[in-house]
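Below is one structure, written out as structure tokens; the observations come after it.
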Amino acid sequence: MKKVILGFVVLLGLSALVFGFGGGKKGYHGGYHKGGIFRTVYQLDLSDEQISKIEDIKKSKSSDFKRKFRKERREAKKNKKSNFSDASKYLSADSFDRDTFIALATTKAKEREETKAKSRESFRTTRINAKADNLQKIFDVLTKEQRSELIILLEK
């Protein structure tokens, strides 16, 4: 019993050393900081009016994007068929047609994969378009000198 407890304590200690204690920089996610363009824009010398406009852009960006995809997911769930909706094709009171079941299940699996791939691509495209729209809106708020400075900051 003592060996089990000792082993557990050693394992816990090693995992704490390997994975750390949760310290470090908060908000840092690899080489690209969360907030992206907004974090960089705030490094510029902005007027109160510009800050207000940029805050409005920042607030609207996530809610519009999330709202659209929540709606799409809800619609997809409504249109989803049950896995057993074609049961009469492979089941009867007397028998089970294994080959038909496998063929139908394989077809449905391929359709789901294609749908997911299309959804991921649509999500990616929409996200990129949203980023481009936000960058355009921010760029419109900035003066010519601030735009030049922003370009320099982004290239660092």
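A note on labels: chains of the structure tokens are A, B, ... as shown, every chain counts residues from 1, and ligands are counted from 1 in their shown order.
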List the spatial neighbours of A:Lys53 as a PDB file with C-alpha atoms, in the first residue's frame - criterion: any atom at most 12 Å away, only C-alpha atoms, same-chain residues fewer than 3 positions off excluded.
ATOM      1  CA  PHE A  38      -6.292  44.938 -32.265  1.00  0.00           C
ATOM      2  CA  VAL A  41      -3.416  48.971 -33.264  1.00  0.00           C
ATOM      3  CA  LEU A  46      -4.810  56.996 -31.177  1.00  0.00           C
ATOM      4  CA  SER A  47      -7.310  59.723 -30.375  1.00  0.00           C
ATOM      5  CA  ASP A  48     -10.247  59.008 -28.052  1.00  0.00           C
ATOM      6  CA  GLU A  49     -12.593  58.979 -31.033  1.00  0.00           C
ATOM      7  CA  GLN A  50     -10.430  56.438 -32.875  1.00  0.00           C
ATOM      8  CA  ASP A  56     -17.010  49.176 -31.637  1.00  0.00           C
ATOM      9  CA  ILE A  57     -15.377  47.191 -34.447  1.00  0.00           C
ATOM     10  CA  LYS A  58     -13.872  44.809 -31.908  1.00  0.00           C
ATOM     11  CA  LYS A  59     -17.224  44.221 -30.166  1.00  0.00           C
ATOM     12  CA  SER A  60     -19.122  43.580 -33.389  1.00  0.00           C
ATOM     13  CA  ASN A 134     -12.162  44.184 -39.755  1.00  0.00           C
ATOM     14  CA  LYS A 137     -12.650  49.023 -41.056  1.00  0.00           C
ATOM     15  CA  ILE A 138      -9.638  49.653 -38.820  1.00  0.00           C
ATOM     16  CA  PHE A 139      -7.600  50.946 -41.736  1.00  0.00           C
ATOM     17  CA  ASP A 140     -10.399  53.419 -42.545  1.00  0.00           C
ATOM     18  CA  VAL A 141     -10.306  54.768 -38.969  1.00  0.00           C
ATOM     19  CA  LEU A 142      -6.549  55.450 -39.019  1.00  0.00           C
TER      20      LEU A 142
END
| request: Tell me, in Å to one decimal, how far atom CA of A:Lys77 is from atom CA of A:Arg124. | output: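 Value for the atom CA of A:Lys77-atom CA of A:Arg124 distance: 20.2 Å.
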| said: One decimal, in Å: what's the spacing between atom CA of A:Ala76 and atom CA of A:Ala132? | reply: 26.8 Å
